[in-house]
Amino acid sequence: MQAIDHQAELKRAGANRTGWSSSALYLMRRYPLGAFGLVVVIIFVLAAIFANSISMYDPTSTNARSSLSPPTEEHLLGADFMGRDMLSRIIHGARISLAVGVGSTLIGCFFGVAIGLMSGFLLGWFDLVTQRIIDIMQALPLLVMALVMAASLGPSLENTIIAISIPVIPHVARVIRANTLALREMPFVEAAKAQGMSDLRVAVRHILPNTVAPVIVLATAQLGSAILTEASLSFLGLGIPEPHPSWGRMLSESAAEYVRTAPWLVIFPGLAISLAVFGTNLLGDAVRDILDPRQRS
Amino acid sequence: MIPYLIRRFFLMAVTLFGMSVIIFVMLRLVPGNIADILFDSAGFIDPAAKAQIEADLGLDKPIVFQYLSWIGGMMQGDLGFSYVSERSTLDEILPRIPITAKLAALALAFSIILGVPLGVISAVRQDTKMDYFLRVVSLSGLSLPSFWLALLILMFFVQFFGTIPIYTREPQPFWDELVMYAIPAAAVGFRSSALIMRLTRSSMLEVLRQDYIRTARSKGASDKSVNYHHALRNAVLPVVTIIGIEAAFLIGGLIVTETVFNIPGVARFLVEAIQWRDYPIVQNLVMLIALVTVVVNFIVDLLYVALDPRIKYSD
């Protein structure tokens, strides 16, 4: 039999985690893909926050001389047909995509949790009506619904956030409702009610904190799809309008015409979208593994 | 069984009806209709002519009336007229449906052919390098925007073959038509194949943990028999359910891919109609999409019940 190195085995299993730093290191060793995803997301967030300091050029300033310039020292990722620097546009695009993605996910989750909680807790006619409405709204694919909303509201930053958050709400509400239905049968809820706690207090103090974990899992999953939906909307011309640089719109402007002549216009914005979504997906998978091991995929 | 079917049909009808109301209302949320767009592009606004156009199209009637005339027309088979081309919406939509249908069918076939075997391999060799590699590939498949993939494919063709696969309308011999559709179908189907791969993998993993697998192995069954004969048959059940959700993914992918490859299908038509504020077309197209989604989910539910003897016809 081999000699067992007890210290190494204990360390691998994550014993003796004293503070947040040792816990963090353990998590990174155990979920390497998730750690990588976290790093990617942090990079994008930092790029979005410090966009003005990092980019060499103003993303909207045109320069006819550099029109369609390939990647050179002056324009690290090339320039588009109006001479705008691609790298700066991509960095500022992170700001837009993250704002829309995070904004719509937060709004959607907020309303989804509220509706799901009320629906699962109050039951009765409120539940019946909301359930039907949720079923109906889920009958349409996300992009189609967002398309129609964006089309009717008109292209603007706020409208895009609203358009994307609306299909998220029934999704979140459904999961939270199922969770609430399960939670309300728990003994601690019965105990709280026996103590004379009002319904509202029970809902907020006891049930709500226990739904946080599924919400986080849902939110990280929805974030990636929100970013993709914003890119698709902007690509179709119904998303973020002119002055703001959006990765999706950059791809539609370059589209099929420049495929042969200026491939950098096509490669880099798409790469940015893919990396951002990839990072959030990796992070979301790891978060789900941590918070809900039963769902391990 | 019959009462179950009747109940399902009734539910479907209610859902579709609710959908029509929501769609109708969503489209008219913001003031501004096609008369505005026509005049915006002309550059001037002539109130009399605008009022005339609105009256012609019935836009000046109250909303409830407009909605009821749409629904009433639908019952009689009259779906209204396109604002842009002034032909009946049926004439505009129907010819485009087979194109999109072929693309969708090919994409679905592609995603299943690619996704299921890879998912099985990934599950059977869990936590090996191959598994990690396939998981990363499938995750990146889910992260790629479909339109970017389509653009990349376009770029690949242009760089290496000098030509772009162009869609032509003339009837073609079967194989040529297959090739013509194959490339956009691959672009659309890639994302779905990633989803199917992940699901097959997790479903397979769960099945492989079961006791009956252990029994089969201890009885000496070969790995191949255990994996394919016993495990896979049980693992595909959730995959069948996913196909219903697949429809949603596919439609989104179809919309952008048809735009990139310039294919005159129903999905691209939707975008054009939206850009033109061509309400009759948009309404009917979205209803069509909703109808297809609801019907596909219904068929999938029936299939699931047929495939899994443990499930009864309960709701």
# chains A, B, ... in the order shown; residues from 1 in each chain; ligands from 1
>>> interface_residues(of="chain A", to="chain B", cutoff="6 Å", atoms="only C-alpha atoms", output="MDAnalysis selection string")
chainID A and resid 136 139:141 143 152 259 270 274 277:278 297
>>> atom_distance(atom1="CA of Ala114 (chain A)", atom2="CA of Leu238 (chain A)")
29.1 Å
>>> atom_distance(atom1="CA of Thr100 (chain B)", atom2="CA of Leu254 (chain B)")
7.8 Å
>>> select_by_dssp(residues="region 113-241 of chain B", states="helix (DSSP H, G or I)", output="VMD selection string")
chain B and resid 113 to 124 129 to 143 146 to 161 174 to 208 211 to 218 223 to 241
>>> atom_distance(atom1="CA of Ile243 (chain B)", atom2="CA of Met145 (chain A)")
19.6 Å
>>> closest_residue(among="B:Leu118, B:Leu208, B:Val240, B:Ile112", to="Ser193 (chain B)", atoms="only C-alpha atoms")
B:Ile112
>>> residues_around(residues="region 36-44 of chain A", least_positions_apart="5", cutoff="9 Å", atoms="only C-alpha atoms", output="short mmCIF file (atom, residue, chain, number, x, y, z; two decimals) with C-alpha atoms, in the first residue's frame")
data_model
loop_
_atom_site.label_atom_id
_atom_site.label_comp_id
_atom_site.auth_asym_id
_atom_site.auth_seq_id
_atom_site.Cartn_x
_atom_site.Cartn_y
_atom_site.Cartn_z
CA MET A 28 -10.30 28.19 -7.78
CA TYR A 31 -13.49 24.87 -10.33
CA ILE A 49 -15.49 50.92 -16.27
CA ILE A 91 -13.65 48.60 -25.42
CA ALA A 94 -18.10 46.41 -23.53
CA ARG A 95 -19.67 49.22 -21.58
CA LEU A 98 -22.54 44.90 -20.05
CA LEU A 275 -15.59 35.84 -25.19
CA ALA A 276 -17.90 37.87 -22.97
CA VAL A 277 -20.71 35.33 -23.22
CA PHE A 278 -18.27 32.46 -22.84
CA GLY A 279 -16.91 33.98 -19.64
CA THR A 280 -20.35 34.51 -18.15
CA ASN A 281 -21.41 30.99 -19.13
CA LEU A 282 -18.33 29.44 -17.51
CA LEU A 283 -18.88 31.51 -14.41
CA GLY A 284 -22.57 30.63 -14.38
CA ALA A 286 -19.40 27.07 -11.74
#
>>> residues_around(residues="region 103-112 of chain A", least_positions_apart="4", cutoff="8 Å", atoms="only C-alpha atoms", output="number ranges by chain")
A: 98-99, 116, 161-162, 164-174, 176, 215, 219, 222-223, 226
>>> write_last_selection(atoms="C-alpha atoms", output="mmCIF file, in the first residue's frame")
data_model
loop_
_atom_site.group_PDB
_atom_site.id
_atom_site.type_symbol
_atom_site.label_atom_id
_atom_site.label_comp_id
_atom_site.auth_asym_id
_atom_site.auth_seq_id
_atom_site.Cartn_x
_atom_site.Cartn_y
_atom_site.Cartn_z
ATOM 1 C CA LEU A 98 -22.538 44.902 -20.053
ATOM 2 C CA ALA A 99 -24.906 47.736 -19.191
ATOM 3 C CA GLY A 116 -43.078 34.425 -8.593
ATOM 4 C CA ILE A 161 -32.966 47.083 -21.881
ATOM 5 C CA ILE A 162 -36.723 46.992 -21.401
ATOM 6 C CA ILE A 164 -34.764 42.244 -23.311
ATOM 7 C CA SER A 165 -35.888 42.214 -19.690
ATOM 8 C CA ILE A 166 -39.517 41.465 -20.525
ATOM 9 C CA PRO A 167 -38.991 37.881 -21.765
ATOM 10 C CA VAL A 168 -36.768 37.199 -18.738
ATOM 11 C CA ILE A 169 -39.538 37.911 -16.248
ATOM 12 C CA PRO A 170 -41.784 34.884 -16.909
ATOM 13 C CA HIS A 171 -38.755 32.609 -16.935
ATOM 14 C CA VAL A 172 -37.604 33.734 -13.506
ATOM 15 C CA ALA A 173 -41.136 33.919 -12.114
ATOM 16 C CA ARG A 174 -41.793 30.306 -12.999
ATOM 17 C CA ILE A 176 -39.244 31.199 -8.124
ATOM 18 C CA VAL A 215 -31.946 33.376 -8.475
ATOM 19 C CA ALA A 219 -29.272 35.381 -13.289
ATOM 20 C CA GLN A 222 -29.613 34.778 -18.280
ATOM 21 C CA LEU A 223 -26.780 37.292 -18.430
ATOM 22 C CA ALA A 226 -29.114 38.827 -22.593
#
>>> residues_around(residues="region 264-267 of chain A", least_positions_apart="4", cutoff="8 Å", atoms="only C-alpha atoms", output="ChimeraX atom specification")
/A:70-71,77-80,86,250-251,254-255,258-259,271 /B:148,151-152
>>> write_last_selection(atoms="C-alpha atoms", output="PDB file, in the first residue's frame")
ATOM      1  CA  PRO A  70      -5.864  46.881 -41.380  1.00  0.00           C
ATOM      2  CA  PRO A  71      -4.365  46.262 -37.921  1.00  0.00           C
ATOM      3  CA  LEU A  77      -7.279  46.224 -34.379  1.00  0.00           C
ATOM      4  CA  GLY A  78      -7.780  48.139 -37.573  1.00  0.00           C
ATOM      5  CA  ALA A  79     -10.337  50.784 -38.451  1.00  0.00           C
ATOM      6  CA  ASP A  80     -13.761  50.742 -40.046  1.00  0.00           C
ATOM      7  CA  MET A  86     -11.831  49.310 -33.767  1.00  0.00           C
ATOM      8  CA  MET A 250     -20.513  46.847 -35.682  1.00  0.00           C
ATOM      9  CA  LEU A 251     -21.042  43.444 -37.239  1.00  0.00           C
ATOM     10  CA  SER A 254     -19.389  45.499 -41.729  1.00  0.00           C
ATOM     11  CA  ALA A 255     -21.491  42.524 -42.795  1.00  0.00           C
ATOM     12  CA  TYR A 258     -16.304  43.757 -46.207  1.00  0.00           C
ATOM     13  CA  VAL A 259     -15.966  40.053 -45.689  1.00  0.00           C
ATOM     14  CA  LEU A 271     -14.802  37.611 -30.884  1.00  0.00           C
TER      15      LEU A 271
ATOM     16  CA  TRP B 148     -21.212  35.832 -36.364  1.00  0.00           C
ATOM     17  CA  LEU B 151     -20.478  35.646 -41.232  1.00  0.00           C
ATOM     18  CA  LEU B 152     -17.400  33.582 -40.470  1.00  0.00           C
TER      19      LEU B 152
END
